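Asks: The following block contains the structure, expressed as structure tokens.
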Amino acid sequence: MLKRFIWVGLLSSSLLGGMAAAKDEAPQPAAAPAPAETKAERDARMKWWREAKFGMFIHWGVYSVPAGTYNGKQINGIGEWIMNRGKIPVDVYAKYTEQFNPVKFNADEWVATAKAAGMKYIVITSKHHDGFAMFHSKASKYNIYDATPFKRDPLAELAEACRKQDIRLGFYYSQAQDWHHPGGAASGGHWDKAQDGDADAYLKNIAVPQIREILSNYGKVAVLWFDTSMGAYMSKERAEMILPELKRQPGIIWNNRLGGGYRGDTETPEQHIPTAGYKDRDWETCMTMNGTWGYKSYDDKWKPTEALLQNLIDIASKGGNYLLNVGPTSEGLIPAPSVERLKEVGTWMKVNGESIYETTGTPFSQPLPWGRATKKVNGDEATLYLHVFSWPKDGKLAVPGIKNAAESAYLLADSAKKPLKVEKGSPHGWTIELPGAAPDAISSTIVVKVKGPLDIDQPPVQYESEKKPAKKPAKKPATKGKGVDSLK
Ligand code: H79
């Protein structure tokens, strides 16, 4: 009897779900929790992402029109927050859509830029906190197709370009903060009466239908990147209005920022690299190339290519992914300083990509004085990649603690694979003899092949998740804190 009841419940809810989808209405909540995924299933689902290591974040929206300046004043902070930071009234901000005509946008070029940099996936803002949809949405006219002179759907064009060029595409969607639609959340509170409204109605009529649209109308979606759950705003109940939509994309990977107590698939340190990664959790550091995600005309604090590359290597050595941001202009162009740097990263990746893709984190539990390490373990054989940032002046690279014998060693930049001499240290470790000049000014890779399980004598590592949580000031709202992770 009970069994039959559950079965009928499931059936009717999935029928309702189907009907609701056709009418673009909110779905019924799932009747029963999805059966837990096995570890093997999860590993299979995460495989491409774990191997990819490097992706492009794209923050593009109406904020690229004011580009950091409102009423003649430069507004402090990240560019995509200008509406909030400048307390711009909803209808005033909406006027920027009239000037948003990115006729120079070329999806194929953007995708080619990402690919040439060695990036394996792209995550683009489908709707940021300002509430403006960068796709042709039926759920709200406040979207790039209906509300701008552009009259094109960039997400459709990007999806097509990504398919053609064989790179994965994911969408960022701000599910809680929405400073345009009534009932959406706003960090610091609403500043315009037009923002007031019923939160459940906002979820039902805007967030859920739009998430359904982006997961239904653009082919395969590899990643859904939520942002700022706004604490209690994204309750378990509200998160569970969104969750059933994820089933539209089997295999989708989603981050830890939905809210409602859901941890998702990935940790998302923002603008920083954890000291030792996360134990038993996939993670991805997202970072800007200058000081803003969304385009700001006067932000020229560009990180040098050296910093970007060493970040990528550092992150790979800790087992994470690097989601590196570009903020295109309102004309549809990726700023030239970004393109330049991405080209240089790509040149390095052409030679050294083998030491990044498909690797796992360093086998060394202590920092290496000269750089970083990554590894590939294949049964009883292992390959170590030693990333040398500071080339030893005496030509001798000390590799501490390792007990295995080195079968062979060579420079990855040397196509002849001329063997490097490896001397055993005492009691453990190696000294590798290097040529006088570094093959790469930023980071040179030494490949060392090893037999047998890796055996390294070093004190254990302390993972991010094992650290004592920092003391939080009492009752401080999460959104006021400096740590962006608190906004997950
Ligand atoms: O999309 C990017 C950011 O807009 C978003 N996450 C990345 C990927 C993000 N949302 N919130 N935060 C980051 C933290 C925000 C911090 C600040 Fe502010 C925004 C500091 C200054 C402006 C809000 C307003 C907190 C302090 C003042």
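Ordered as shown in the structure tokens, chains take letters A, B, and onward, while each chain numbers its residues from 1 and ligands are numbered from 1 in the order shown.
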Show me, as a count of residues only, the residues that have an atom within 12 Å of A:Ile313 when counting only C-alpha atoms, minus same-chain residues fewer than 5 positions from it.

Replies: 38

Asks: Counting only C-alpha atoms and all ligand atoms, what are the residues of chain A within 10 Å of ligand 1, and for each of them which pair of atoms is the nearest and at what distance in Å, to one decimal? Sort the table by chain and rising number, as CSV.

Replies:
residue,atom,partner,partner_atom_place_in_ligand_line,distance
A:Phe57,CA,ligand 1,8 (C),8.4
A:Ile58,CA,ligand 1,1 (O),9.2
A:His59,CA,ligand 1,1 (O),7.0
A:Trp60,CA,ligand 1,1 (O),9.9
A:Asn76,CA,ligand 1,21 (C),7.7
A:Gly77,CA,ligand 1,21 (C),4.9
A:Ile78,CA,ligand 1,22 (C),5.6
A:Gly79,CA,ligand 1,4 (O),8.0
A:Glu80,CA,ligand 1,4 (O),5.9
A:Trp81,CA,ligand 1,22 (C),6.0
A:Ile82,CA,ligand 1,22 (C),8.3
A:Asn84,CA,ligand 1,24 (C),7.3
A:Arg85,CA,ligand 1,24 (C),6.4
A:Ile124,CA,ligand 1,1 (O),9.9
A:Thr125,CA,ligand 1,1 (O),7.9
A:Lys127,CA,ligand 1,1 (O),9.9
A:His128,CA,ligand 1,1 (O),6.9
A:His129,CA,ligand 1,4 (O),7.4
A:Asp130,CA,ligand 1,4 (O),9.8
A:Tyr172,CA,ligand 1,1 (O),8.2
A:Tyr173,CA,ligand 1,1 (O),9.2
A:Ser174,CA,ligand 1,1 (O),8.3
A:Gln177,CA,ligand 1,10 (N),8.8
A:Ala186,CA,ligand 1,23 (C),9.2
A:Ser187,CA,ligand 1,23 (C),6.0
A:Gly188,CA,ligand 1,24 (C),7.1
A:Trp225,CA,ligand 1,8 (C),8.8
A:Phe226,CA,ligand 1,8 (C),9.0
A:Asp227,CA,ligand 1,6 (N),6.1
A:Thr228,CA,ligand 1,10 (N),5.8
A:Ser229,CA,ligand 1,10 (N),9.5
A:Met230,CA,ligand 1,11 (N),9.3
A:Arg257,CA,ligand 1,6 (N),9.8
A:Thr268,CA,ligand 1,8 (C),8.9
A:Pro269,CA,ligand 1,8 (C),9.4
A:Glu270,CA,ligand 1,8 (C),6.7
A:Gln271,CA,ligand 1,7 (C),8.6
A:Thr285,CA,ligand 1,8 (C),9.8
A:Cys286,CA,ligand 1,8 (C),6.7
A:Met287,CA,ligand 1,8 (C),7.8
A:Thr288,CA,ligand 1,8 (C),8.8
A:Thr292,CA,ligand 1,4 (O),8.3
A:Trp293,CA,ligand 1,2 (C),5.9
A:Gly294,CA,ligand 1,4 (O),7.7
A:Leu323,CA,ligand 1,8 (C),9.6
A:Asn325,CA,ligand 1,8 (C),8.8
A:Ala478,CA,ligand 1,25 (C),9.3
A:Thr479,CA,ligand 1,25 (C),6.0
A:Lys480,CA,ligand 1,25 (C),5.5
A:Gly481,CA,ligand 1,25 (C),7.0
A:Lys482,CA,ligand 1,16 (C),6.8
A:Gly483,CA,ligand 1,14 (C),7.5
A:Val484,CA,ligand 1,14 (C),4.6
A:Asp485,CA,ligand 1,14 (C),7.8
A:Ser486,CA,ligand 1,14 (C),8.4
A:Leu487,CA,ligand 1,11 (N),6.4
A:Lys488,CA,ligand 1,11 (N),8.6

Asks: Could you tell me how far atom CA of A:Lys393 lies from atom CA of A:Val422, in Å and to one decimal?

Replies: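 We find that atom CA of A:Lys393 and atom CA of A:Val422 lie 17.0 Å from each other.
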
Asks: Please return as a PyMOL selection string: the residues of stretch 72-167 of chain A that backbone DSSP assigns to alpha helix (DSSP H).

Replies: chain A and resi 82-85+90-94+107-117+154-165

Asks: Using N, CA, C and O atoms, can you write the selected residues to a file as a compact mmCIF listing (two decimals), in the first residue's frame?

Replies:
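Final output, saved to again_25.txt:
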# COMPACT_ATOMS: atom_id res chain seq x y z
N ILE A 82 28.23 47.97 -9.59
CA ILE A 82 28.05 49.42 -9.64
C ILE A 82 26.63 49.84 -9.27
O ILE A 82 26.42 50.85 -8.59
N MET A 83 25.64 49.05 -9.65
CA MET A 83 24.25 49.41 -9.35
C MET A 83 24.04 49.45 -7.83
O MET A 83 23.39 50.37 -7.31
N ASN A 84 24.61 48.47 -7.14
CA ASN A 84 24.48 48.39 -5.68
C ASN A 84 25.33 49.45 -4.99
O ASN A 84 24.85 50.20 -4.13
N ARG A 85 26.58 49.55 -5.41
CA ARG A 85 27.51 50.49 -4.76
C ARG A 85 27.09 51.93 -4.99
O ARG A 85 27.27 52.77 -4.13
N VAL A 90 16.42 51.49 -9.94
CA VAL A 90 16.19 50.41 -10.90
C VAL A 90 15.95 50.95 -12.31
O VAL A 90 16.54 50.47 -13.29
N ASP A 91 15.09 51.97 -12.42
CA ASP A 91 14.76 52.45 -13.77
C ASP A 91 15.92 53.23 -14.40
O ASP A 91 16.07 53.24 -15.61
N VAL A 92 16.74 53.86 -13.57
CA VAL A 92 17.91 54.58 -14.10
C VAL A 92 18.93 53.57 -14.64
O VAL A 92 19.44 53.72 -15.76
N TYR A 93 19.20 52.54 -13.87
CA TYR A 93 20.15 51.51 -14.31
C TYR A 93 19.64 50.83 -15.59
O TYR A 93 20.41 50.57 -16.52
N ALA A 94 18.33 50.58 -15.62
CA ALA A 94 17.75 49.88 -16.77
C ALA A 94 17.97 50.66 -18.07
O ALA A 94 17.98 50.08 -19.16
N ALA A 107 31.48 35.32 -30.93
CA ALA A 107 31.58 34.15 -30.05
C ALA A 107 32.75 33.26 -30.45
O ALA A 107 33.47 32.75 -29.59
N ASP A 108 32.94 33.10 -31.75
CA ASP A 108 34.03 32.23 -32.21
C ASP A 108 35.39 32.75 -31.74
O ASP A 108 36.26 31.98 -31.35
N GLU A 109 35.54 34.08 -31.77
CA GLU A 109 36.82 34.66 -31.32
C GLU A 109 37.03 34.47 -29.83
O GLU A 109 38.14 34.14 -29.39
N TRP A 110 35.99 34.68 -29.05
CA TRP A 110 36.12 34.49 -27.59
C TRP A 110 36.53 33.05 -27.28
O TRP A 110 37.43 32.81 -26.48
N VAL A 111 35.83 32.13 -27.92
CA VAL A 111 36.11 30.71 -27.66
C VAL A 111 37.53 30.37 -28.12
O VAL A 111 38.27 29.67 -27.42
N ALA A 112 37.92 30.92 -29.26
CA ALA A 112 39.28 30.66 -29.76
C ALA A 112 40.32 31.23 -28.80
O ALA A 112 41.38 30.61 -28.58
N THR A 113 40.03 32.39 -28.22
CA THR A 113 40.95 33.00 -27.25
C THR A 113 41.11 32.09 -26.02
O THR A 113 42.23 31.87 -25.55
N ALA A 114 40.00 31.56 -25.55
CA ALA A 114 40.05 30.65 -24.39
C ALA A 114 40.83 29.38 -24.75
O ALA A 114 41.71 28.93 -23.99
N LYS A 115 40.52 28.84 -25.91
CA LYS A 115 41.19 27.59 -26.32
C LYS A 115 42.68 27.77 -26.48
O LYS A 115 43.48 26.95 -26.05
N ALA A 116 43.06 28.89 -27.11
CA ALA A 116 44.47 29.13 -27.37
C ALA A 116 45.24 29.34 -26.07
O ALA A 116 46.45 29.13 -26.00
N ALA A 117 44.53 29.76 -25.02
CA ALA A 117 45.17 29.93 -23.72
C ALA A 117 45.34 28.59 -23.01
O ALA A 117 46.01 28.51 -21.99
N PRO A 154 23.58 36.13 -27.05
CA PRO A 154 25.01 35.75 -26.99
C PRO A 154 25.23 34.34 -26.44
O PRO A 154 26.19 33.68 -26.83
N LEU A 155 24.34 33.89 -25.56
CA LEU A 155 24.55 32.55 -25.02
C LEU A 155 24.33 31.50 -26.10
O LEU A 155 25.05 30.49 -26.16
N ALA A 156 23.37 31.74 -26.97
CA ALA A 156 23.14 30.81 -28.08
C ALA A 156 24.36 30.80 -29.00
O ALA A 156 24.82 29.73 -29.44
N GLU A 157 24.90 31.99 -29.27
CA GLU A 157 26.06 32.06 -30.16
C GLU A 157 27.29 31.41 -29.52
O GLU A 157 28.06 30.72 -30.18
N LEU A 158 27.44 31.63 -28.21
CA LEU A 158 28.58 31.00 -27.52
C LEU A 158 28.43 29.49 -27.48
O LEU A 158 29.41 28.75 -27.66
N ALA A 159 27.21 29.04 -27.23
CA ALA A 159 26.97 27.59 -27.16
C ALA A 159 27.36 26.94 -28.48
O ALA A 159 28.01 25.89 -28.51
N GLU A 160 26.96 27.60 -29.57
CA GLU A 160 27.28 27.08 -30.91
C GLU A 160 28.80 27.08 -31.14
O GLU A 160 29.37 26.09 -31.62
N ALA A 161 29.46 28.17 -30.78
CA ALA A 161 30.91 28.27 -30.96
C ALA A 161 31.64 27.23 -30.10
O ALA A 161 32.64 26.64 -30.54
N CYS A 162 31.14 27.01 -28.90
CA CYS A 162 31.78 26.01 -28.02
C CYS A 162 31.62 24.60 -28.59
O CYS A 162 32.54 23.80 -28.53
N ARG A 163 30.44 24.32 -29.15
CA ARG A 163 30.24 23.02 -29.78
C ARG A 163 31.22 22.84 -30.93
O ARG A 163 31.90 21.82 -31.03
N LYS A 164 31.31 23.87 -31.78
CA LYS A 164 32.19 23.79 -32.96
C LYS A 164 33.64 23.59 -32.55
O LYS A 164 34.38 22.86 -33.19
N GLN A 165 34.06 24.31 -31.50
CA GLN A 165 35.47 24.28 -31.13
C GLN A 165 35.76 23.30 -29.99
O GLN A 165 36.87 23.27 -29.46

Asks: Could you check how far atom CA of A:Gln310 sits from atom CA of A:Val339, in Å to one decimal?

Replies: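 These two atoms are separated by 17.7 Å.
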
Asks: With distances taken over only C-alpha atoms, which residue among A:Gly72, A:Pro427, A:Gly183, A:Pro209 lies nearest A:Pro244?

Replies: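 Between A:Gly72, A:Pro427, A:Gly183, A:Pro209, the residue approaching A:Pro244 most closely is A:Pro209.
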
Asks: When you draw a straight line from atom CA of A:Tyr96 to atom CA of A:Tyr63, how long is it in Å?

Replies: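 For atom CA of A:Tyr96 relative to atom CA of A:Tyr63, the distance reads 8.1 Å.
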
Asks: With distances taken over only C-alpha atoms, which of A:Glu331, A:Asp414, A:Glu433, A:Asp43 is nearest to A:Phe100?

Replies: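 Ranking A:Glu331, A:Asp414, A:Glu433, A:Asp43 by distance to A:Phe100, first place goes to A:Glu331.
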
Asks: Compile the contact shell of stretch 234-236 of chain A as a ChimeraX atom specification: residues with an atom at most 7 Å away, counting only C-alpha atoms, same-chain residues fewer than 3 positions apart removed.

Replies: /A:176,229-231,239-240,259-261

Asks: Please list as a ChimeraX atom specification every residue within 7 Å of A:Lys403, counting only C-alpha atoms and excluding residues in the same chain fewer than 6 positions away.

Replies: /A:428-429,455-456

Asks: Return as a list in words the full set of residues in stretch 100-147 of chain A whose backbone-based DSSP assignment is strand (DSSP E).

Replies: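 Strand (DSSP E) members of stretch 100-147 of chain A, listed: Tyr121, Ile122, Val123, Ile124, Thr125, Ser126 and Lys127 of chain A.
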
Asks: Env of A:Leu434: 12 Å cut, atoms = only C-alpha atoms, seq-sep filter 6 positions within chain, self excluded. Answer as a compact mmCIF listing (two decimals) with N, CA and C atoms, in the first residue's frame.

Replies:
# COMPACT_ATOMS: atom_id res chain seq x y z
N VAL A 388 59.77 24.59 -11.76
CA VAL A 388 60.84 25.38 -11.14
C VAL A 388 60.62 26.87 -11.44
N TRP A 391 65.17 29.19 -10.71
CA TRP A 391 66.20 28.28 -11.24
C TRP A 391 67.44 28.35 -10.36
N PRO A 392 67.95 27.21 -9.89
CA PRO A 392 69.08 27.28 -8.95
C PRO A 392 70.34 27.83 -9.62
N LYS A 393 70.99 28.75 -8.94
CA LYS A 393 72.17 29.40 -9.52
C LYS A 393 73.33 28.42 -9.69
N ASP A 394 73.40 27.45 -8.75
CA ASP A 394 74.50 26.48 -8.84
C ASP A 394 74.15 25.27 -9.70
N GLY A 395 73.00 25.33 -10.35
CA GLY A 395 72.61 24.24 -11.26
C GLY A 395 72.21 22.96 -10.54
N LYS A 396 71.99 23.03 -9.25
CA LYS A 396 71.58 21.82 -8.52
C LYS A 396 70.22 22.03 -7.86
N LEU A 397 69.26 21.19 -8.27
CA LEU A 397 67.91 21.31 -7.71
C LEU A 397 67.71 20.25 -6.63
N ALA A 398 67.48 20.70 -5.42
CA ALA A 398 67.28 19.78 -4.30
C ALA A 398 65.81 19.41 -4.19
N ALA A 409 64.91 11.43 -15.93
CA ALA A 409 64.53 12.83 -15.72
C ALA A 409 64.93 13.64 -16.95
N TYR A 410 64.05 14.58 -17.35
CA TYR A 410 64.38 15.45 -18.49
C TYR A 410 63.56 16.74 -18.39
N LEU A 411 63.97 17.71 -19.16
CA LEU A 411 63.23 18.97 -19.22
C LEU A 411 62.06 18.81 -20.20
N LYS A 418 66.82 14.92 -23.39
CA LYS A 418 68.18 14.63 -22.92
C LYS A 418 68.13 14.35 -21.41
N PRO A 419 68.67 13.18 -20.99
CA PRO A 419 68.55 12.81 -19.57
C PRO A 419 69.28 13.79 -18.65
N LEU A 420 68.64 14.08 -17.54
CA LEU A 420 69.29 14.88 -16.50
C LEU A 420 69.82 13.92 -15.42
N LYS A 421 70.96 14.27 -14.88
CA LYS A 421 71.54 13.42 -13.85
C LYS A 421 70.82 13.65 -12.51
N VAL A 422 70.40 12.54 -11.87
CA VAL A 422 69.74 12.64 -10.56
C VAL A 422 70.58 11.90 -9.53
N GLU A 423 71.06 12.61 -8.54
CA GLU A 423 71.84 11.97 -7.47
C GLU A 423 70.97 11.76 -6.26
N SER A 444 59.91 26.52 -15.44
CA SER A 444 60.42 25.43 -16.28
C SER A 444 60.05 24.11 -15.63
N THR A 445 59.67 23.14 -16.47
CA THR A 445 59.17 21.88 -15.94
C THR A 445 60.19 20.76 -16.11
N ILE A 446 60.45 20.06 -15.03
CA ILE A 446 61.29 18.86 -15.09
C ILE A 446 60.39 17.65 -14.89

Asks: Measuring between only C-alpha atoms, which one of A:Gln99, A:Ser64, A:Thr305, A:Ser390 shows the shortest distance to A:Trp370?

Replies: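 For A:Trp370, the nearest of the candidates is A:Ser390.
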
Asks: Env of A:Gln366: 9 Å cut, atoms = only C-alpha atoms, seq-sep filter 6 positions within chain, self excluded. Answer as a list in words.

Replies: Gln458, Pro459, Pro460 and Val461 of chain A
